[in-house]
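Printed here is start_24.cif (mmCIF, C-alpha atoms):
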```
data_structure
#
loop_
_atom_site.label_atom_id
_atom_site.label_comp_id
_atom_site.auth_asym_id
_atom_site.auth_seq_id
_atom_site.Cartn_x
_atom_site.Cartn_y
_atom_site.Cartn_z
CA MET A 288 85.19 142.65 -71.07
CA ALA A 289 82.53 140.08 -70.34
CA ALA A 290 82.37 138.37 -73.68
CA HIS A 291 84.26 138.26 -76.93
CA GLU A 292 84.60 136.41 -80.20
CA LYS A 293 87.94 135.21 -81.46
CA ASN A 294 88.70 132.60 -84.08
CA ASN A 295 85.10 131.44 -84.08
CA LEU A 296 85.29 130.82 -80.33
CA PHE A 297 82.87 132.71 -78.08
CA SER A 298 83.90 133.39 -74.54
CA MET A 299 81.77 134.42 -71.63
CA ARG A 300 82.27 135.24 -68.00
CA PRO A 301 79.60 134.49 -65.41
CA VAL A 302 77.55 137.50 -64.27
CA GLY A 303 76.71 135.72 -61.02
CA ARG A 304 76.24 132.40 -59.25
CA ILE A 305 73.26 130.32 -58.15
CA LYS A 306 73.05 129.44 -54.45
CA ASN A 307 70.67 126.74 -53.26
CA SER A 308 70.44 123.40 -51.46
CA LEU A 309 70.87 121.24 -54.57
CA SER A 310 74.43 120.10 -54.22
CA LYS A 311 74.56 116.99 -56.36
CA PRO A 312 73.22 116.06 -59.80
CA MET A 313 69.65 114.79 -59.83
CA HIS A 314 67.88 112.67 -62.42
CA ARG A 315 70.85 110.34 -62.18
CA PRO A 316 69.68 107.08 -60.74
CA ASP A 317 71.71 103.96 -61.39
CA PRO A 318 71.91 103.79 -65.22
CA ASP A 319 70.82 100.15 -65.09
CA ALA A 320 67.80 100.76 -62.85
CA GLU A 321 64.42 99.61 -64.10
CA PRO A 322 62.19 102.22 -65.77
CA ASP A 323 59.77 102.37 -62.84
CA VAL A 324 62.57 102.96 -60.34
CA LYS A 325 63.75 105.82 -62.54
CA ARG A 326 60.24 107.13 -62.91
CA GLU A 327 59.77 107.26 -59.14
CA GLN A 328 63.17 108.88 -58.74
CA GLY A 329 62.22 111.47 -61.36
CA LYS A 330 59.00 112.28 -59.52
CA ALA A 331 60.82 112.60 -56.20
CA ASN A 332 63.38 114.94 -57.79
CA GLN A 333 60.60 117.02 -59.32
CA ARG A 334 58.90 117.45 -55.96
CA ILE A 335 62.13 118.72 -54.43
CA ILE A 336 62.94 121.07 -57.31
CA LYS A 337 59.48 122.65 -57.33
CA LYS A 338 59.92 123.71 -53.70
CA THR A 339 63.58 124.71 -53.87
CA ILE A 340 64.34 128.38 -53.40
CA SER A 341 67.49 129.68 -55.08
CA GLN A 342 69.35 132.93 -54.58
CA LEU A 343 70.85 134.38 -57.72
CA ILE A 344 73.84 136.36 -56.52
CA ILE A 345 74.59 138.79 -59.32
CA ASP A 346 77.99 140.47 -59.45
CA PRO A 347 77.47 143.90 -57.79
CA ALA A 348 79.00 145.50 -60.91
CA TYR A 349 75.83 144.43 -62.76
CA GLU A 350 73.30 145.53 -60.13
CA ALA A 351 71.89 148.39 -62.24
CA LEU A 352 71.20 145.94 -65.08
CA LEU A 353 68.52 144.34 -62.88
CA ASP A 354 66.48 147.53 -62.55
CA GLY A 355 62.93 146.85 -63.65
CA ILE A 356 63.13 143.06 -63.36
CA GLU A 357 61.00 143.10 -60.21
CA GLU A 358 58.00 143.99 -62.37
CA PHE A 359 58.05 140.55 -64.00
CA SER A 360 56.55 137.48 -62.33
CA HIS A 361 58.87 135.09 -64.17
CA ILE A 362 62.42 135.30 -65.43
CA MET A 363 64.55 133.21 -67.75
CA ILE A 364 67.89 132.15 -66.34
CA ILE A 365 70.71 131.18 -68.68
CA TYR A 366 73.27 129.16 -66.77
CA TRP A 367 76.10 126.69 -67.15
CA PRO A 368 76.09 123.15 -65.71
CA HIS A 369 79.57 123.48 -64.21
CA LEU A 370 79.66 119.91 -62.86
CA LEU A 371 78.92 118.31 -66.22
CA PRO A 372 81.90 116.13 -67.12
CA GLU A 373 83.65 117.34 -70.27
CA ASN A 374 83.15 114.01 -72.09
CA GLU A 375 79.36 114.31 -71.76
CA ARG A 376 79.48 117.17 -74.24
CA HIS A 377 80.20 114.65 -76.96
CA ILE A 378 77.10 112.53 -76.48
CA GLN A 379 74.95 112.29 -79.64
CA LYS A 380 71.80 110.54 -78.43
CA VAL A 381 70.10 109.73 -75.13
CA HIS A 382 67.06 108.01 -73.74
CA PRO A 383 65.11 110.93 -72.19
CA MET A 384 65.88 111.08 -68.44
CA GLY A 385 67.87 107.87 -68.83
CA ARG A 386 64.64 105.92 -69.34
CA LYS A 387 65.25 102.95 -71.63
CA ASP A 388 61.47 102.67 -72.10
CA MET A 389 61.55 106.02 -73.95
CA PRO A 390 62.78 106.18 -77.56
CA GLU A 391 66.35 107.40 -78.00
CA GLN A 392 66.55 111.02 -79.12
CA GLY A 393 69.22 113.26 -80.61
CA ILE A 394 70.57 115.65 -77.97
CA PHE A 395 69.11 118.71 -79.75
CA ALA A 396 65.65 117.10 -79.43
CA THR A 397 66.02 116.93 -75.62
CA ARG A 398 66.67 119.27 -72.72
CA SER A 399 69.55 117.11 -71.48
CA PRO A 400 72.35 119.21 -69.94
CA ALA A 401 74.85 117.05 -71.83
CA ARG A 402 75.18 118.97 -75.13
CA PRO A 403 77.98 120.46 -77.26
CA ASN A 404 77.50 123.94 -75.76
CA PRO A 405 75.90 123.26 -72.38
CA ILE A 406 73.90 126.47 -72.08
CA LEU A 407 70.84 125.76 -69.95
CA VAL A 408 67.68 127.88 -70.04
CA SER A 409 65.09 127.81 -67.25
CA THR A 410 62.00 129.95 -66.75
CA VAL A 411 61.07 130.30 -63.08
CA ARG A 412 59.01 132.42 -60.75
CA LEU A 413 60.77 135.50 -59.34
CA LEU A 414 59.94 135.88 -55.64
CA LYS A 415 61.86 139.04 -54.90
CA ARG A 416 64.81 141.24 -55.67
CA ASP A 417 67.06 142.77 -53.06
CA LYS A 418 69.70 144.94 -54.77
CA ASN A 419 71.96 142.47 -56.64
CA ILE A 420 70.22 139.35 -55.31
CA LEU A 421 67.22 137.67 -56.91
CA GLN A 422 65.21 134.98 -55.17
CA VAL A 423 63.45 132.42 -57.37
CA ILE A 424 61.56 129.18 -56.80
CA GLY A 425 61.62 125.96 -58.81
CA LEU A 426 64.99 126.27 -60.52
CA GLU A 427 66.61 122.96 -61.40
CA ALA A 428 70.23 124.06 -61.17
CA LEU A 429 72.95 122.93 -58.85
CA ASN A 430 74.44 125.09 -56.14
CA ASP A 431 77.24 127.35 -57.46
CA SER A 432 76.18 127.10 -61.11
CA PRO A 433 77.50 130.13 -63.01
CA ILE A 434 74.83 132.46 -64.40
CA LEU A 435 75.50 133.72 -67.93
CA ASP A 436 72.43 135.88 -68.45
CA ILE A 437 69.06 136.88 -66.98
CA LYS A 438 66.13 137.79 -69.25
CA PRO A 439 62.53 138.72 -68.48
CA TYR A 440 59.95 136.09 -69.39
CA ILE A 441 57.67 137.61 -72.03
CA ALA A 442 54.99 135.13 -73.02
CA PHE A 443 54.23 137.01 -76.25
CA ASP A 444 57.72 136.12 -77.43
CA GLU A 445 57.13 132.43 -76.95
CA ALA A 446 55.60 129.89 -79.30
CA ASP A 447 52.80 131.19 -81.49
CA GLY A 448 49.89 128.86 -82.18
CA GLU A 449 49.34 125.50 -80.55
CA PRO A 450 52.63 123.75 -79.79
CA VAL A 451 52.96 120.08 -80.79
CA PHE A 452 55.13 117.56 -78.90
CA PRO A 453 56.16 113.94 -79.41
CA ASP A 454 54.47 111.26 -77.33
CA TRP A 455 57.48 110.67 -75.05
CA ILE A 456 57.25 114.27 -73.82
CA LYS A 457 53.53 113.89 -73.07
CA LYS A 458 54.17 110.63 -71.23
CA LEU A 459 56.96 112.11 -69.09
CA HIS A 460 54.85 115.14 -68.32
CA GLU A 461 51.84 113.06 -67.31
CA GLU A 462 53.98 110.94 -65.02
CA LEU A 463 55.69 113.86 -63.36
CA LYS A 464 52.51 115.78 -62.67
CA SER A 465 50.55 112.77 -61.38
CA GLU A 466 51.18 113.57 -57.74
CA MET B 147 86.05 119.88 -77.95
CA ALA B 148 83.06 122.14 -78.44
CA ALA B 149 83.04 123.89 -75.09
CA HIS B 150 85.21 124.22 -72.03
CA GLU B 151 85.69 126.12 -68.81
CA LYS B 152 89.00 127.64 -67.87
CA ASN B 153 89.74 130.34 -65.33
CA ASN B 154 86.06 131.13 -64.96
CA LEU B 155 85.82 131.75 -68.70
CA PHE B 156 83.39 129.64 -70.70
CA SER B 157 84.12 129.04 -74.34
CA MET B 158 81.83 127.79 -77.02
CA ARG B 159 82.05 127.02 -80.68
CA PRO B 160 79.08 127.48 -83.01
CA VAL B 161 77.24 124.28 -83.95
CA GLY B 162 75.90 125.95 -87.08
CA ARG B 163 74.94 129.20 -88.79
CA ILE B 164 71.67 130.95 -89.59
CA LYS B 165 71.02 131.80 -93.24
CA ASN B 166 68.26 134.24 -94.17
CA SER B 167 67.52 137.52 -95.92
CA LEU B 168 68.03 139.73 -92.85
CA SER B 169 71.41 141.22 -93.56
CA LYS B 170 71.42 144.34 -91.41
CA PRO B 171 70.35 145.12 -87.85
CA MET B 172 66.68 146.02 -87.45
CA HIS B 173 64.97 147.97 -84.68
CA ARG B 174 67.65 150.57 -85.20
CA PRO B 175 66.03 153.69 -86.48
CA ASP B 176 67.79 157.02 -86.02
CA PRO B 177 68.35 157.22 -82.23
CA ASP B 178 66.91 160.71 -82.24
CA ALA B 179 63.77 159.82 -84.18
CA GLU B 180 60.42 160.63 -82.61
CA PRO B 181 58.63 157.83 -80.75
CA ASP B 182 55.96 157.43 -83.43
CA VAL B 183 58.54 157.11 -86.18
CA LYS B 184 60.22 154.41 -84.13
CA ARG B 185 56.90 152.73 -83.43
CA GLU B 186 56.09 152.53 -87.14
CA GLN B 187 59.58 151.27 -87.88
CA GLY B 188 59.15 148.61 -85.19
CA LYS B 189 55.87 147.48 -86.71
CA ALA B 190 57.38 147.32 -90.18
CA ASN B 191 60.30 145.27 -88.86
CA GLN B 192 57.92 142.93 -87.08
CA ARG B 193 55.95 142.31 -90.27
CA ILE B 194 59.13 141.36 -92.12
CA ILE B 195 60.45 139.11 -89.34
CA LYS B 196 57.19 137.20 -89.00
CA LYS B 197 57.37 136.18 -92.66
CA THR B 198 61.11 135.54 -92.85
CA ILE B 199 62.17 131.95 -93.42
CA SER B 200 65.59 131.00 -92.06
CA GLN B 201 67.72 127.95 -92.77
CA LEU B 202 69.66 126.68 -89.79
CA ILE B 203 72.69 125.01 -91.30
CA ILE B 204 73.95 122.69 -88.58
CA ASP B 205 77.51 121.34 -88.82
CA PRO B 206 77.16 117.88 -90.43
CA ALA B 207 79.15 116.45 -87.48
CA TYR B 208 76.09 117.21 -85.33
CA GLU B 209 73.44 115.84 -87.70
CA ALA B 210 72.54 112.86 -85.46
CA LEU B 211 71.89 115.25 -82.56
CA LEU B 212 68.85 116.56 -84.47
CA ASP B 213 67.12 113.17 -84.63
CA GLY B 214 63.64 113.48 -83.18
CA ILE B 215 63.45 117.28 -83.46
CA GLU B 216 61.03 117.01 -86.40
CA GLU B 217 58.36 115.83 -83.93
CA PHE B 218 58.22 119.27 -82.32
CA SER B 219 56.27 122.16 -83.81
CA HIS B 220 58.50 124.79 -82.19
CA ILE B 221 62.17 124.95 -81.29
CA MET B 222 64.29 127.25 -79.18
CA ILE B 223 67.36 128.63 -80.91
CA ILE B 224 70.28 129.89 -78.86
CA TYR B 225 72.42 132.15 -80.99
CA TRP B 226 75.00 134.88 -80.89
CA PRO B 227 74.49 138.41 -82.29
CA HIS B 228 77.82 138.43 -84.13
CA LEU B 229 77.43 141.97 -85.48
CA LEU B 230 76.86 143.53 -82.05
CA PRO B 231 79.69 146.00 -81.45
CA GLU B 232 81.85 144.99 -78.47
CA ASN B 233 81.20 148.26 -76.61
CA GLU B 234 77.45 147.58 -76.56
CA ARG B 235 78.10 144.76 -74.11
CA HIS B 236 78.82 147.35 -71.47
CA ILE B 237 75.48 149.13 -71.62
CA GLN B 238 73.64 149.17 -68.29
CA LYS B 239 70.23 150.59 -69.17
CA VAL B 240 68.14 151.21 -72.27
CA HIS B 241 64.82 152.60 -73.35
CA PRO B 242 63.04 149.49 -74.71
CA MET B 243 63.45 149.39 -78.50
CA GLY B 244 65.14 152.79 -78.30
CA ARG B 245 61.77 154.40 -77.46
CA LYS B 246 62.31 157.44 -75.24
CA ASP B 247 58.58 157.33 -74.39
CA MET B 248 59.19 154.03 -72.58
CA PRO B 249 60.79 154.01 -69.11
CA GLU B 250 64.49 153.16 -69.04
CA GLN B 251 65.15 149.57 -67.95
CA GLY B 252 68.16 147.62 -66.74
CA ILE B 253 69.49 145.37 -69.52
CA PHE B 254 68.54 142.19 -67.62
CA ALA B 255 64.91 143.44 -67.59
CA THR B 256 64.88 143.64 -71.42
CA ARG B 257 65.48 141.36 -74.39
CA SER B 258 68.00 143.79 -75.88
CA PRO B 259 70.82 141.97 -77.70
CA ALA B 260 73.26 144.39 -76.05
CA ARG B 261 74.11 142.50 -72.83
CA PRO B 262 77.24 141.33 -70.99
CA ASN B 263 76.97 137.82 -72.44
CA PRO B 264 74.98 138.32 -75.64
CA ILE B 265 73.31 134.92 -75.77
CA LEU B 266 69.98 135.30 -77.59
CA VAL B 267 67.09 132.88 -77.18
CA SER B 268 64.23 132.67 -79.71
CA THR B 269 61.33 130.23 -79.90
CA VAL B 270 60.09 129.78 -83.47
CA ARG B 271 58.04 127.44 -85.59
CA LEU B 272 59.95 124.55 -87.20
CA LEU B 273 58.80 124.08 -90.79
CA LYS B 274 60.95 121.12 -91.75
CA ARG B 275 64.17 119.23 -91.26
CA ASP B 276 66.30 117.92 -94.10
CA LYS B 277 69.29 116.03 -92.67
CA ASN B 278 71.45 118.74 -91.03
CA ILE B 279 69.30 121.67 -92.16
CA LEU B 280 66.31 123.05 -90.26
CA GLN B 281 63.88 125.50 -91.79
CA VAL B 282 62.10 127.88 -89.40
CA ILE B 283 59.85 130.91 -89.77
CA GLY B 284 59.77 134.12 -87.74
CA LEU B 285 63.31 134.16 -86.39
CA GLU B 286 64.67 137.63 -85.64
CA ALA B 287 68.32 136.89 -86.24
CA LEU B 288 70.69 138.29 -88.81
CA ASN B 289 72.12 136.28 -91.66
CA ASP B 290 75.25 134.32 -90.65
CA SER B 291 74.53 134.47 -86.91
CA PRO B 292 76.34 131.59 -85.16
CA ILE B 293 74.06 129.01 -83.53
CA LEU B 294 75.20 127.85 -80.09
CA ASP B 295 72.42 125.39 -79.28
CA ILE B 296 69.06 124.04 -80.41
CA LYS B 297 66.46 122.86 -77.88
CA PRO B 298 62.92 121.57 -78.29
CA TYR B 299 60.18 123.92 -77.10
CA ILE B 300 58.34 122.20 -74.26
CA ALA B 301 55.53 124.40 -73.00
CA PHE B 302 55.28 122.48 -69.71
CA ASP B 303 58.77 123.71 -68.87
CA GLU B 304 57.76 127.31 -69.28
CA ALA B 305 56.22 129.71 -66.79
CA ASP B 306 53.81 128.14 -64.33
CA GLY B 307 50.74 130.16 -63.35
CA GLU B 308 49.71 133.43 -64.93
CA PRO B 309 52.72 135.52 -65.97
CA VAL B 310 52.78 139.18 -65.00
CA PHE B 311 54.48 141.91 -67.07
CA PRO B 312 55.19 145.63 -66.64
CA ASP B 313 53.03 148.10 -68.54
CA TRP B 314 55.72 148.99 -71.09
CA ILE B 315 55.75 145.39 -72.30
CA LYS B 316 51.97 145.35 -72.68
CA LYS B 317 52.07 148.66 -74.56
CA LEU B 318 54.78 147.47 -76.97
CA HIS B 319 52.94 144.23 -77.53
CA GLU B 320 49.63 145.97 -78.24
CA GLU B 321 51.31 148.30 -80.72
CA LEU B 322 53.14 145.55 -82.56
CA LYS B 323 50.14 143.30 -82.93
CA SER B 324 47.77 146.09 -84.04
CA GLU B 325 48.14 145.34 -87.73
#
```

Let's see the structure in the file written out as structure tokens.
Amino acid sequence: MAAHEKNNLFSMRPVGRIKNSLSKPMHRPDPDAEPDVKREQGKANQRIIKKTISQLIIDPAYEALLDGIEEFSHIMIIYWPHLLPENERHIQKVHPMGRKDMPEQGIFATRSPARPNPILVSTVRLLKRDKNILQVIGLEALNDSPILDIKPYIAFDEADGEPVFPDWIKKLHEELKSE
Amino acid sequence: MAAHEKNNLFSMRPVGRIKNSLSKPMHRPDPDAEPDVKREQGKANQRIIKKTISQLIIDPAYEALLDGIEEFSHIMIIYWPHLLPENERHIQKVHPMGRKDMPEQGIFATRSPARPNPILVSTVRLLKRDKNILQVIGLEALNDSPILDIKPYIAFDEADGEPVFPDWIKKLHEELKSE
């Protein structure tokens, strides 16, 4: 049994593990660093992540469940930040990416891994499938992270109409892409 | 403690519940129905879902975590299909939407709720926030579904480049939008 509900508690077992060269948490410069040090660190991290190739080693028992996935260019990976300290699941608000020059946000208004149920969702490019192993590029997940689910990326399912974002998101995005 | 890892088992508690008028599973016509009956049923379901307004009742203990979410037009809801029978988590392959005229796919190549770890991800339009209650439109989730996480929808995080899909996805999409 891979998953069950009991007493309002939902339990899951990993269906695989992520293998890559990212062995320690990124986006974690000295918490007291100046905003521009953090900004440069963020850009450097982004450059590394964009080029990082990850192997998704799926439990061989689930190999047949991957059939057909190779026809998609992008997949959504649902994974667990296994190195996140337990107490970080109780955080209520953060400055996005630790940047004190950005307005503090409630955790549900950010993509911070520190959240009550730390389920992370990333959409990345699928390079190839070899039996129970998927190769993807650009996944910001640490080596050995447990995979909870794999879904195809279907753009039609995503946001309808023109999405609107707060200014801090636009600013972060502009900074990170200005390479 | 909202979430923990023990013996390779990840446990989560809901952070809220979905309230809407969808009280029974959709997309579940008679399994032996002809493809065009199922297609019409799928279109009818889609029409209902697109107009359905859901209230996301977040546990008041997490109210502060929502601060800032009202600045996003769309949010991603991570929820649990609580009415999914346990045995459906062992399915390996399905015909998309039960349509025998569509090629059978591995579960990880579909968005079927029947999966080893049934974590569902939906991006929908946020209509308003009132303290710990979010109102959204177009969410395909059944009444009382437990919410595991809420994330902002940030298009820049989504697929880079032009996404590619298999033909069955294009066909389903064309059918569903042809209203």

| query | Interatomic distance between atom CA of B:Leu318 and atom CA of B:Glu286? | reply |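 So the two atoms, atom CA of B:Leu318 and atom CA of B:Glu286, lie 16.4 Å apart.
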
| request: Dump as JSON, numbers by chain all residues having an atom at most 12 Å from (64.0, 134.3, -60.2), computed in the file's coordinates with all atoms listed in the file. | output: {"A": [305, 306, 339, 340, 341, 342, 343, 344, 345, 353, 356, 357, 358, 359, 360, 361, 362, 363, 364, 365, 409, 410, 411, 412, 413, 414, 415, 416, 417, 419, 420, 421, 422, 423, 424, 425, 426, 427, 434, 436, 437, 438, 439, 440], "B": [254, 255, 305]}

| task | Between atom CA of B:Ser157 and atom CA of A:Leu352, measure the distance and give it in Å to one decimal. | result |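 If I compute the distance from atom CA of B:Ser157 to atom CA of A:Leu352, I get 23.2 Å.
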
| said: When you count all atoms listed in the file, which of these residues is closest to chain A: B:Arg193, B:Arg159, B:Lys184, B:Lys277? | reply: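 Among B:Arg193, B:Arg159, B:Lys184, B:Lys277, it is B:Arg159 that comes nearest to chain A.
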
| Contacts of B:Pro231 within 12 Å, only C-alpha atoms, excl. fewer than 2 positions in-chain, as a list of chain:residue names | A:Ala290, A:His291, A:Glu292, B:Pro171, B:Pro227, B:His228, B:Leu229, B:Asn233, B:Glu234, B:Arg235, B:His236, B:Ile237, B:Pro259, B:Ala260, B:Arg261, B:Pro262, B:Pro264

I'd like the box whose edges run along x, y and z of the file and which contains every listed atom of stretch 381-397 of chain A, padded by 4 Å per side; could you state its centre and edge lengths in Å, one decimal, as AutoDock Vina command-line options?
```
--center_x 66.0 --center_y 110.7 --center_z -74.5 --size_x 17.1 --size_y 24.0 --size_z 20.2
```

| query | For the atom pair atom CA of B:Ala179 and atom CA of B:Pro249, what is the interatomic distance in Å to one decimal place? | reply | 16.4 Å

| query | Restricting the calculation to all atoms listed in the file, which member of B:Arg257, B:Lys170, B:Lys317, B:Lys189 is positioned closest to chain A? | reply |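 Using all atoms listed in the file, the shortest distance to chain A belongs to B:Arg257.
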
| message | Here is a test: counting only C-alpha atoms, which residue of B:Glu209, B:Glu321, B:Gly162, B:His241 is nearest to B:Gln187? | response |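 Of B:Glu209, B:Glu321, B:Gly162, B:His241, the one nearest B:Gln187 is B:Glu321, counting only C-alpha atoms.
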
| request: Tell me which of B:Asn191, B:Ala301, B:Asp205, B:Met243 sits closest to chain A, counting all atoms listed in the file. | output: B:Ala301

| request: Give the answer as one residue: which of A:Lys337, A:Ser432, A:His460, A:Pro347 has the shortest atom-to-atom distance to chain B, using all atoms listed in the file? | output: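 Counting all atoms listed in the file, the residue closest to chain B is A:His460.
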
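The shortest atom-to-atom distance to chain B, with all atoms listed in the file taken into account, belongs to A:Asn295 out of A:Asn430, A:Ser308, A:Gln333, A:Asn295.
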
| task | Identify, on the basis of only C-alpha atoms, every residue whose closest approach to A:Lys387 does not exceed 12 Å; exclude the query and any residue fewer than 2 positions from it along the same chain; express the result as a list in words. | result | Pro318, Asp319, Ala320, Glu321, Pro322, Asp323, Val324, Lys325, Arg326, Val381, His382, Pro383, Met384, Gly385, Met389, Pro390, Glu391, Gln392 and Trp455 of chain A
